[in-house]
2 protein chains.
Amino acid sequence: MTSNQVLSEVEFNVVGKRPIRPDGVDKVTGRAQYGADTNMTGALQAKVLRSPYPHARIKSIDVSKAEAFPGVKAVITAKDLPFAALSKEELGDGYTALKYASDHMMASDKVLFKGHPIAAIAAVNAHVAESAMALIQVDYEELESVVDVREAMKDGAPLVHEDLRTNDMGQISDKPSNIAAHMSYSTGDIDKGFAEADLVMEREYTTATVHQGYIEPHNSTAFWNTDGQLNIWTSTQGSFAVRAAVANVLRLPVSKIKVTPMEIGGGFGGKITAYLDAITAVLSKKAGVPVRTLMTRSEVFEASGPAPASWMRVKIGVKNNGKMTAVETDIAMDAGAYPGSPAMQAIVCAFACYDVTNGKVDGYDVVVNKPKTAAYRAPGSPQAAFGVESLIDEICGELKLDPIEFRLLNAAKEGTRRIEGLVAKRIGLVECLEAARDHDHYKSKLSGENTGRGVACGYWPNRGFQSSVVMTVHFDGTVSLLMGSVDIGGTRASIAQQTAETLGIAYEDVKPTIVDTDSIGYTFITGGSRTSFATGLAAITAADDVKEQMITRAAKIWDTSEDDIEYVNGTVSHKSDEELKFSFKDLARQLATTGGTISGRSNIDPTGEGNGYAVHLVDLKVDPETGKTDVTRYTAVQDAGKAVHPGYVEGQMQGGAVQGIGWALNEEYFFDPTGKMLNPTFLDYRMPTTLDLPMIDTVIVEVANPGHPYGVRGVGEPAIVPPMAAIGNAIHGATGHRMRSLPMTPGKILEAGWENGNSSGG
Amino acid sequence: MTSNQVLSEVEFNVVGKRPIRPDGVDKVTGRAQYGADTNMTGALQAKVLRSPYPHARIKSIDVSKAEAFPGVKAVITAKDLPFAALSKEELGDGYTALKYASDHMMASDKVLFKGHPIAAIAAVNAHVAESAMALIQVDYEELESVVDVREAMKDGAPLVHEDLRTNDMGQISDKPSNIAAHMSYSTGDIDKGFAEADLVMEREYTTATVHQGYIEPHNSTAFWNTDGQLNIWTSTQGSFAVRAAVANVLRLPVSKIKVTPMEIGGGFGGKITAYLDAITAVLSKKAGVPVRTLMTRSEVFEASGPAPASWMRVKIGVKNNGKMTAVETDIAMDAGAYPGSPAMQAIVCAFACYDVTNGKVDGYDVVVNKPKTAAYRAPGSPQAAFGVESLIDEICGELKLDPIEFRLLNAAKEGTRRIEGLVAKRIGLVECLEAARDHDHYKSKLSGENTGRGVACGYWPNRGFQSSVVMTVHFDGTVSLLMGSVDIGGTRASIAQQTAETLGIAYEDVKPTIVDTDSIGYTFITGGSRTSFATGLAAITAADDVKEQMITRAAKIWDTSEDDIEYVNGTVSHKSDEELKFSFKDLARQLATTGGTISGRSNIDPTGEGNGYAVHLVDLKVDPETGKTDVTRYTAVQDAGKAVHPGYVEGQMQGGAVQGIGWALNEEYFFDPTGKMLNPTFLDYRMPTTLDLPMIDTVIVEVANPGHPYGVRGVGEPAIVPPMAAIGNAIHGATGHRMRSLPMTPGKILEAGWENGNSSGG
């Protein structure tokens with residue numbers, strides 16, 4: 001039953017093949033160096049003291065006993081951060097932004113979530129640091145906390161920040177609120193649209209706080225040269241993002257900080273925020289030696305950034321034939337302790353699969369006493385899709401319409417203007433829907449009792465942003481490829497492939513290296529499904545720079561004009577004298593004696609990223625006795641534009657689907673009423689394992705992105721968007737009940753009751 | 001009396017200033033990482049077993065007991081090098097070159113010098129490795145050895161290589177010889193020239209084997225990734241040279257080797273050959289973990305590459321007015337155990353200070369049973385100058401001519417064709433001689449008994465060769481500068497200065513980094529006085545690349561053509577709209593939002609290196625009782641073209657003079673008759689200390705090199721060329737005796753006798 005398909009348009013020499021990843025051998029043999037593998041001579045180990053309360057005023061901190069503890073070399077509190085010495089007057093408009101950034105690293109006046117850093121200790125080893133933590137005396141005044149996003153929005157709710165005012169479409173409100181921002185887009189005439197509908201349905205949906213669950217906890221090692229140069233080794237999705245964050249909080253110019261990105265054990269958006277780097281640096285400065293800080297798993301759960309919990313209201317009007325006439329949604333997203341939830345992405349993504357004539361979307365960014373949320377794969381889109389795709393399924397059920405045909409009828413395509421105003425370029429949603437419709441999975445008959453089938457779509461705009469690449473030709477004809485993009489999901493391979501394709505050489509002849517922030521130009525994070533696209537494009541541009549110079553060199557050797565020479569498929573040849581011809585390797589050898597090697601460089605900020613769409617099909621079976629759901633068949637269809645390395649695209653699709661399945665069925669932070677997480681371990685926070693899952697079948701659809709020479713689109717994110725709704729829709733098939741709250745646990749399913757205990761259709 | 005002067009032609013903003021070196025703080029605080037500071041987890045320590053005989057056949061090596069010794073993890077002999085498995089047929093023409101290279105690393109059939117590596121052991125620590133060395137049983141058949149270069153040239157001398165045939169100007173001789181090569185240049189009609197002379201003098205000179213005496217012993221750490229990637233951390237003047245040497249001996253493509261150059265504690269030409277890297281790599285491969293090898297000081301003396309001992313005959317004919325009519329020399333240079341002495345450089349440099357109409361120079365590269373010699377600052381030129389400049393002084397004495405006026409009369413200048421055929425471009429010898437003549441030192445009266453004054457010139461052609469630079473503009477307006485040239489004498493500073501000058505920014509805003517061989521294009525060694533010139537030129541070229549892109553970016557921001565924009569002194573401005581203007585920093589900030597950062601790159605192979613000339617003046621006093629010479633005043637004059645950082649140019653001039661003083665008076669390898677060095681420690685090998693020396697005054701003459709935009713010439717080498725002759729000439733003044741053998745030890749001076757015990761003139 002397992003199958004992976006690639007529905008391809010174009011063939012290349014290297015792009016589209018499945019070579020071995022350059023970092024593979026070192027990773028499987030344990031030689032790859034992750035952040036926790038840093039082991040500098042004389043390094044101290046640090047531990048962070050964290051707030052036991054979700055919301056409390058810090059009345060005093062006494063670190064004197066901890067400082068006196070044998071083996072302790074440095075203790076810091078927020079007083080050691082530059083913010084403590086700066087006044088509101090000095091900082092002006094930047095005051096609040098710096099206060100939030102600095103307090104998030106280490107709380108000054110209030111703690112805003114359980115796990116909020118209060119102090120940090122560097123000691124000769126972690127056990128000494130841990131022992132000394134007990135000696136730090138903090139006098140807290142506990143405050144009433146607010147945990148639920150809807151509660152937090154109410155008048156009279158406890159205020160997370162006493163001075164936070166709502167930014168309502170650019171207008172700043174008068175009185176403080178937990179609503180950090182309200183944003184809105186609309187198109188057409190929504191009242192007219194709903195009036196034209198034959199059927200209007202409106203529902204509410206909620207999702208829980210979930211964590212990315214990357215296997216490697218956060219870590220950081222810092223060391224100062226005595227001339228004020230700060231060196232950081234860390235696990236991050238973006239070394240330049242760490243540099244910027246540390247520069248901001250420590251008030252340093254970016255050039256005084258060198259960040260070396262170590263190998264990363266998963267990120268999914270959760271390794272963009274620099275939690276430990278600034279405080280580790282301050283400890284190192286104070287101690288005068290290198291300091292390393294490692295989080296435990298519980299610290300990761302309680303004090304890194306999970307994905308937001310959300311509340312959503314969705315209203316859709318349709319004609320009897322299924323044509324949508326109007327859509328509307330309100331989405332409130334839990335930002336955690338500091339503003340910055342993906343409410344904007346949620347409202348932009350909510351209806352992006354559809355050609356909407358009349359629509360209105362409103363988003364709310366809401367602070368609560370929980371850890372500040374972070375990006376998690378397609379941030380905001382999965383929550384929005386859970387609501388929209390569930391309601392569409394309900395409408396299809398009501399109107400007896402095939403859910404794929406309904407989506408095809410309404411699908412966004414090239415030229416569709418989205419609610420936020422952007423017009424789609426060539427996109428592949430229709431092709432994905434058709435591939436799903438025509439797939440054996442969808443055509444097969446669902447059998448057995450308590451089984452259901454669900455369908456849902458997903459969207460992620462994908463990102464461009466800045467990337468830099470430098471490459472040098474070795475005299476043996478291989479190419480050294482330097483980049484600033486850290487490799488999470490195989491981008492060394494995908495960028496080396498694009499380099500090899502452009503130069504017309506073998507993949508094995510490209511040697512990719514990820515270098516530190518001093519050794520390459522600014523490069524945005526590995527995130528937003530941008531790396532194979534944008535850094536790939538940077539590699540293509542740098543390779544073009546190499547090609548031009550190779551032509552110049554051949555012209556010099558042949559004593560002719562560059563115009564007489566062409567570079568095709570790795571062969572440099574004279575256009576009119578077929579005797580004159582160099583393979584790349586032969587010309588590389590000649591470089592040694594004709595002026596030295598050739599380097600190519602590029603710094604780009606591309607805007608041609610192609611939007612990504614996914615369609616998922618799921619079959620499942622619900623146990624009526626226990627309420628447990630077993631996913632029995634799963635097919636993920638996605639437009640990759642061009643899958644540079646289909647194996648890693650399939651990995652992204654399968655990984656996204658699996659994380660979505662966890663989000664749908666099991667995963668959630670259990671909070672006590674005050675906001676203390678009750679399950680901060682992998683034993684109690686239940687992620688799916690291979691035993692919980694069928695093989696995830698994949699269909700890669702390739703509708704070339706016109707913004708990239710090989711048609712590449714980002715692929716990392718769309719796959720996590722459809723699963724929750726697809727599974728919810730399938731559970732309806734199995735149980736007859738609509739689930740509108742994530743996760744759809746056995747308990748909730750049993751509670752909801754069993755409307756058609758014997759169903760076998762979606 | 002101490003003074004440093006700069007006789008300058010042009011002023012720049014940054015070039016010519018004396019900023020603090022970027023690596024200074026880390027070096028003086030002990031934080032800089034040298035090769036011996038590598039300390040990888042699980043690394044083994046290695047020791048090399050070396051031959052106790054200068055010449056012996058290896059009949060057998062039994063390593064079994066050493067391998068069985070507890071704590072020993074790997075033992076290798078020459079059998080573990082690829083050469084052992086390759087046949088003469090396979091290697092063809094490359095057989096001998098590879099045999100020499102491989103045998104030099106580890107002897108296969110014969111040992112050719114005391115200290116020649118026989119085997120190496122990697123063990124859990126150095127003591128275990130050392131203990132196990134005693135368990136290796138080597139059965140040697142001792143052979144008669146040859147030590148002296150003139151003895152080695154005789155028919156019937158013991159042959160160092162049984163199959164070595166003389167390459168006599170391209171003709172290969174029939175029978176084996178220790179003379180590896182004979183080379184010759186001539187110009188004009190030498191017989192006619194000598195016939196026209198009023199005075200012809202002919203003398204013989206010898207110099208001893210001396211060592212560069214760098215403070216840091218050789219070291220290497222090697223580690224293989226399991227995919228066959230070899231990583232080396234080492235102390236070297238050229239990471240790419242190490243890469244090439246290891247690639248050659250281990251038969252690997254260069255791209256499979258990454259060499260990271262650590263900080264270097266002196267080289268002077270002696271850290272170009274890779275003595276330890278290949279064998280450390282083979283040990284690491286065998287052991288499967290990192291291996292580090294460190295030499296002791298005695299190993300450095302006995303088994304790295306000292307400067308050659310030499311024999312020389314010089315004949316010069318002059319008119320009574322001092323005009324030279326013909327010159328002639330034979331120079332035989334001791335290559336040590338394998339061919340490759342600087343005999344060619346010696347004959348090219350010998351008369352390069354003079355405008356020679358009729359001349360002939362012959363050089364002989366001769367192998368002997370001593371460690372293979374290596375480059376040492378201006379290789380070959382000091383030995384040649386000792387002869388030529390001593391004989392000229394003798395002629396001046398005979399003809400009662402002022403030695404500086406004699407040299408001015410005969411001096412090479414722009415347009416002079418040298419014996420080897422090259423025509424001098426703009427050079428500064430005349431200006432140096434004039435500066436010396438006009439200097440207070442030369443004009444002062446020499447006083448006291450047994451004192452003497454000496455003058456001599458020196459020449460080094462300087463080198464260009466390939467360099468690569470990449471630089472990136474940080475958003476704070478600083479520039480990250482990456483290069484492949486290791487920094488021995490302050491080139492981080494001198495190249496950062498040229499970068500800052502070109503970009504029109506502050507020196508402090510350029511952040512230089514020396515990167516590994518994968519992270520930058522091919523770059524030739526730091527040697528030949530090339531780095532500030534060639535890598536400086538590469539930096540200027542890369543900075544020009546940045547400037548062009550800055551203009552393009554400004555054109556984009558101002559929505560105008562690039563032709564409307566100029567970049568002057570770090571300001572980018574609209575030519576006709578004076579409102580439109582960006583400082584470098586302001587535009588750098590704008591890069592973040594207008595397409596990302598900018599990187600500049602260059603790979604160059606410049607040929608415009610300007611020749612370097614030096615003139616030295618020395619006053620000294622010889623103790624008639626002990627024969628000990630005290631240098632009492634010393635002035636070094638040198639054409640720097642443009643001194644990028646005068647402080648480091650002065651350092652080069654002073655350092656060269658001091659090494660020359662050591663070479664002149666004290667330093668030599670004492671060999672027993674078979675070729676065993678008897679003084680391989682700094683206690684017995686007597687280098688000058690500060691207590692032995694006066695302050696070395698310097699005069700930097702700046703005659704711009706037309707081959708470099710700022711006029712830069714190499715400065716590292718000319719200063720070691722004149723001291724030996726200048727001191728010998730001064731000793732003649734003090735004692736009335738001509739010294740023609742180096743070093744001019746107290747013993748030799750006493751032995752020579754005292755012809756004018758009361759002299760006070762040169």
# chains A, B, ... in the order shown; residues from 1 in each chain; ligands from 1
>>> interface_residues(of="chain A", to="chain B", cutoff="9 Å", atoms="only C-alpha atoms", output="NGL selection string")
:A and (22 or 24-26 or 29 or 31 or 39-41 or 225-227 or 253-255 or 465-468 or 470-482 or 509 or 511 or 513 or 515 or 518-523 or 592 or 594-606)
>>> select_by_dssp(residues="range 80-237 of chain B", states="alpha helix (DSSP H)", output="number ranges by chain")
B: 88-91, 95-105, 126-133, 149-153, 190-196
>>> atom_distance(atom1="CA of Thr416 in chain A", atom2="CA of Lys323 in chain A")
14.9 Å
>>> residues_around(residues="Phe682 in chain A", least_positions_apart="3", cutoff="9 Å", atoms="only C-alpha atoms", output="list in words")
Gly213, Arg297, Ser298, Asn679, Tyr685, Arg686 and Met687 of chain A
>>> residues_around(residues="range 65-73 of chain A", least_positions_apart="4", cutoff="9 Å", atoms="only C-alpha atoms", output="ChimeraX atom specification")
/A:44,121-125,128-129,131-137,283,286-287
>>> write_last_selection(atoms="C-alpha atoms", output="compact mmCIF listing (two decimals), in the first residue's frame")
# COMPACT_ATOMS: atom_id res chain seq x y z
CA LEU A 44 32.01 26.44 33.11
CA ILE A 121 24.79 30.51 37.70
CA ALA A 122 28.03 29.43 36.07
CA ALA A 123 29.98 26.90 38.05
CA VAL A 124 32.69 24.31 37.66
CA ASN A 125 30.05 21.75 36.78
CA VAL A 128 27.44 22.62 41.58
CA ALA A 129 25.41 25.17 39.62
CA SER A 131 23.07 23.03 44.12
CA ALA A 132 23.81 26.74 44.27
CA MET A 133 20.47 27.56 42.65
CA ALA A 134 18.72 26.53 45.84
CA LEU A 135 20.67 29.26 47.66
CA ILE A 136 19.26 32.10 45.59
CA GLN A 137 16.53 33.77 47.62
CA LEU A 283 27.98 34.84 32.55
CA LYS A 286 31.65 37.91 34.37
CA ALA A 287 33.57 34.66 34.81
>>> atom_distance(atom1="CA of Val361 in chain B", atom2="CA of Ser304 in chain B")
29.3 Å
>>> residues_around(residues="Met724 in chain B", least_positions_apart="4", cutoff="12 Å", atoms="only C-alpha atoms", output="JSON, numbers by chain")
{"B": [205, 206, 207, 208, 381, 382, 383, 384, 385, 386, 387, 388, 389, 390, 454, 455, 456, 457, 458, 616, 617, 618, 656, 657, 658, 659, 660, 661, 662, 663, 664, 665, 666, 667, 719, 720, 728, 729, 730, 731, 739, 740, 741, 742, 743, 744]}
>>> select_by_dssp(residues="range 174-405 of chain B", states="strand (DSSP E)", output="JSON, numbers by chain")
{"B": [174, 175, 176, 179, 180, 181, 182, 183, 184, 185, 186, 187, 199, 200, 201, 202, 203, 204, 205, 206, 207, 219, 220, 221, 222, 223, 224, 230, 231, 232, 233, 234, 257, 258, 259, 260, 261, 291, 292, 293, 294, 310, 311, 312, 313, 314, 315, 316, 317, 318, 324, 325, 326, 327, 328, 329, 330, 331, 332, 333, 334, 335, 336, 359, 360, 361, 362, 363, 364, 365, 366, 367]}
>>> closest_residue(among="B:Gly736, B:Gly340, B:Gly270, B:Gly397", to="Ala303 in chain B", atoms="only C-alpha atoms")
B:Gly270
>>> closest_residue(among="B:Ile525, B:Val430, B:Ala542, B:Ile179", to="Phe268 in chain B", atoms="only C-alpha atoms")
B:Ile525
>>> atom_distance(atom1="CA of Ala436 in chain B", atom2="CA of Val637 in chain B")
6.6 Å
>>> residues_around(residues="Asn569 in chain A", least_positions_apart="2", cutoff="12 Å", atoms="only C-alpha atoms", output="ChimeraX atom specification")
/A:12-14,500-506,547,566-567,571-573,582-584
>>> residues_around(residues="Ala343 in chain B", least_positions_apart="5", cutoff="10 Å", atoms="only C-alpha atoms", output="VMD selection string")
chain B and resid 181 to 183 308 310 330 to 335 348 to 349 362 to 366 379 to 381 383 to 384
>>> write_last_selection(atoms="all heavy atoms", output="short mmCIF file (atom, residue, chain, number, x, y, z; two decimals), in the first residue's frame")
data_model
loop_
_atom_site.label_atom_id
_atom_site.label_comp_id
_atom_site.auth_asym_id
_atom_site.auth_seq_id
_atom_site.Cartn_x
_atom_site.Cartn_y
_atom_site.Cartn_z
N ALA B 181 71.74 19.59 -9.42
CA ALA B 181 71.53 20.49 -10.56
C ALA B 181 72.68 21.48 -10.67
O ALA B 181 73.30 21.88 -9.67
CB ALA B 181 70.21 21.23 -10.41
N HIS B 182 72.96 21.83 -11.90
CA HIS B 182 73.86 22.95 -12.17
C HIS B 182 73.07 23.96 -13.00
O HIS B 182 72.36 23.61 -13.94
CB HIS B 182 75.09 22.50 -12.96
CG HIS B 182 75.83 23.66 -13.58
ND1 HIS B 182 76.10 23.73 -14.94
CD2 HIS B 182 76.34 24.79 -13.02
CE1 HIS B 182 76.74 24.87 -15.19
NE2 HIS B 182 76.91 25.52 -14.05
N MET B 183 73.15 25.25 -12.62
CA MET B 183 72.42 26.29 -13.34
C MET B 183 73.35 27.46 -13.59
O MET B 183 74.32 27.67 -12.84
CB MET B 183 71.19 26.73 -12.55
CG MET B 183 71.52 27.10 -11.12
SD MET B 183 70.22 26.65 -9.93
CE MET B 183 70.62 24.96 -9.53
N PRO B 308 70.82 26.44 4.10
CA PRO B 308 71.98 25.68 3.61
C PRO B 308 73.31 26.29 4.00
O PRO B 308 73.48 27.51 4.01
CB PRO B 308 71.83 25.72 2.09
CG PRO B 308 70.74 26.65 1.77
CD PRO B 308 70.02 27.01 3.02
N SER B 310 77.11 26.80 2.56
CA SER B 310 77.45 27.08 1.17
C SER B 310 78.94 27.32 1.00
O SER B 310 79.67 27.63 1.95
CB SER B 310 76.68 28.32 0.69
OG SER B 310 77.18 29.48 1.33
N ASP B 330 80.78 31.28 -8.60
CA ASP B 330 80.28 29.90 -8.49
C ASP B 330 79.75 29.76 -7.08
O ASP B 330 80.45 30.12 -6.12
CB ASP B 330 81.41 28.88 -8.65
CG ASP B 330 81.94 28.85 -10.07
OD1 ASP B 330 81.14 28.87 -11.01
OD2 ASP B 330 83.18 28.82 -10.21
N ILE B 331 78.53 29.26 -6.97
CA ILE B 331 77.97 29.06 -5.63
C ILE B 331 77.47 27.62 -5.52
O ILE B 331 76.68 27.17 -6.36
CB ILE B 331 76.79 30.03 -5.36
CG1 ILE B 331 77.22 31.47 -5.62
CG2 ILE B 331 76.30 29.87 -3.92
CD1 ILE B 331 76.13 32.51 -5.38
N ALA B 332 77.96 26.93 -4.52
CA ALA B 332 77.49 25.56 -4.27
C ALA B 332 76.70 25.57 -2.98
O ALA B 332 77.18 26.03 -1.95
CB ALA B 332 78.68 24.60 -4.16
N MET B 333 75.46 25.10 -3.07
CA MET B 333 74.59 25.16 -1.89
C MET B 333 74.19 23.76 -1.48
O MET B 333 73.79 22.93 -2.31
CB MET B 333 73.34 25.96 -2.21
CG MET B 333 73.62 27.43 -2.46
SD MET B 333 72.36 28.43 -1.65
CE MET B 333 73.39 29.51 -0.70
N ASP B 334 74.26 23.57 -0.21
CA ASP B 334 73.95 22.29 0.43
C ASP B 334 72.42 22.18 0.56
O ASP B 334 71.78 22.93 1.29
CB ASP B 334 74.67 22.34 1.78
CG ASP B 334 73.99 21.67 2.93
OD1 ASP B 334 72.99 20.98 2.74
OD2 ASP B 334 74.49 21.88 4.04
N ALA B 335 71.85 21.21 -0.21
CA ALA B 335 70.39 21.04 -0.18
C ALA B 335 69.94 20.19 0.99
O ALA B 335 68.75 20.09 1.26
CB ALA B 335 69.93 20.38 -1.48
N VAL B 348 70.92 34.41 -8.77
CA VAL B 348 70.11 35.53 -9.28
C VAL B 348 70.30 36.78 -8.41
O VAL B 348 70.32 37.91 -8.89
CB VAL B 348 68.63 35.12 -9.37
CG1 VAL B 348 67.73 36.33 -9.49
CG2 VAL B 348 68.41 34.17 -10.55
N CYS B 349 70.45 36.55 -7.10
CA CYS B 349 70.57 37.69 -6.18
C CYS B 349 72.00 38.23 -6.08
O CYS B 349 72.20 39.39 -5.72
CB CYS B 349 70.12 37.28 -4.77
SG CYS B 349 68.36 36.93 -4.64
N ASP B 362 77.18 30.83 -11.69
CA ASP B 362 76.93 29.39 -11.75
C ASP B 362 76.52 28.89 -10.38
O ASP B 362 77.16 29.23 -9.38
CB ASP B 362 78.17 28.64 -12.21
CG ASP B 362 78.41 28.83 -13.70
OD1 ASP B 362 79.07 29.82 -14.08
OD2 ASP B 362 77.88 28.02 -14.47
N GLY B 363 75.48 28.10 -10.36
CA GLY B 363 75.01 27.58 -9.09
C GLY B 363 74.95 26.07 -9.11
O GLY B 363 74.75 25.44 -10.16
N TYR B 364 75.16 25.47 -7.94
CA TYR B 364 75.14 24.01 -7.81
C TYR B 364 74.27 23.63 -6.63
O TYR B 364 74.46 24.15 -5.52
CB TYR B 364 76.57 23.48 -7.61
CG TYR B 364 77.48 23.84 -8.77
CD1 TYR B 364 78.17 25.06 -8.78
CD2 TYR B 364 77.61 22.98 -9.86
CE1 TYR B 364 78.97 25.40 -9.85
CE2 TYR B 364 78.41 23.33 -10.94
CZ TYR B 364 79.09 24.55 -10.93
OH TYR B 364 79.86 24.89 -12.00
N ASP B 365 73.32 22.75 -6.91
CA ASP B 365 72.43 22.24 -5.87
C ASP B 365 72.95 20.87 -5.47
O ASP B 365 72.95 19.95 -6.30
CB ASP B 365 71.01 22.15 -6.45
CG ASP B 365 70.01 21.64 -5.44
OD1 ASP B 365 70.18 21.91 -4.23
OD2 ASP B 365 69.03 20.97 -5.86
N VAL B 366 73.39 20.73 -4.23
CA VAL B 366 74.17 19.55 -3.84
C VAL B 366 73.53 18.85 -2.64
O VAL B 366 73.25 19.50 -1.63
CB VAL B 366 75.61 19.97 -3.48
CG1 VAL B 366 76.46 18.74 -3.16
CG2 VAL B 366 76.23 20.78 -4.60
N PRO B 379 65.90 33.26 0.78
CA PRO B 379 66.74 32.08 0.68
C PRO B 379 67.80 32.19 -0.42
O PRO B 379 67.49 32.44 -1.57
CB PRO B 379 65.76 30.94 0.41
CG PRO B 379 64.42 31.55 0.25
CD PRO B 379 64.48 32.90 0.84
N GLY B 380 69.04 31.97 -0.05
CA GLY B 380 70.16 32.00 -0.99
C GLY B 380 70.84 33.35 -1.06
O GLY B 380 72.06 33.43 -1.28
N SER B 381 70.10 34.41 -0.86
CA SER B 381 70.67 35.74 -1.03
C SER B 381 71.68 36.13 0.05
O SER B 381 72.72 36.71 -0.27
CB SER B 381 69.54 36.78 -1.12
OG SER B 381 70.04 38.03 -1.52
N GLN B 383 73.80 34.26 1.74
CA GLN B 383 75.07 33.58 1.49
C GLN B 383 75.81 34.27 0.34
O GLN B 383 77.01 34.53 0.41
CB GLN B 383 74.82 32.11 1.15
CG GLN B 383 74.26 31.28 2.32
CD GLN B 383 72.75 31.13 2.30
OE1 GLN B 383 72.03 32.04 1.87
NE2 GLN B 383 72.28 30.01 2.80
N ALA B 384 75.07 34.56 -0.76
CA ALA B 384 75.68 35.19 -1.93
C ALA B 384 76.19 36.58 -1.58
O ALA B 384 77.29 36.98 -1.97
CB ALA B 384 74.68 35.25 -3.07
#
>>> closest_residue(among="B:Trp233, B:Phe223, B:Phe240, B:Tyr376", to="Ser341 in chain B", atoms="only C-alpha atoms")
B:Tyr376
>>> closest_residue(among="B:Lys642, B:Lys271, B:Lys621, B:Arg713", to="Gly527 in chain B", atoms="only C-alpha atoms")
B:Lys271
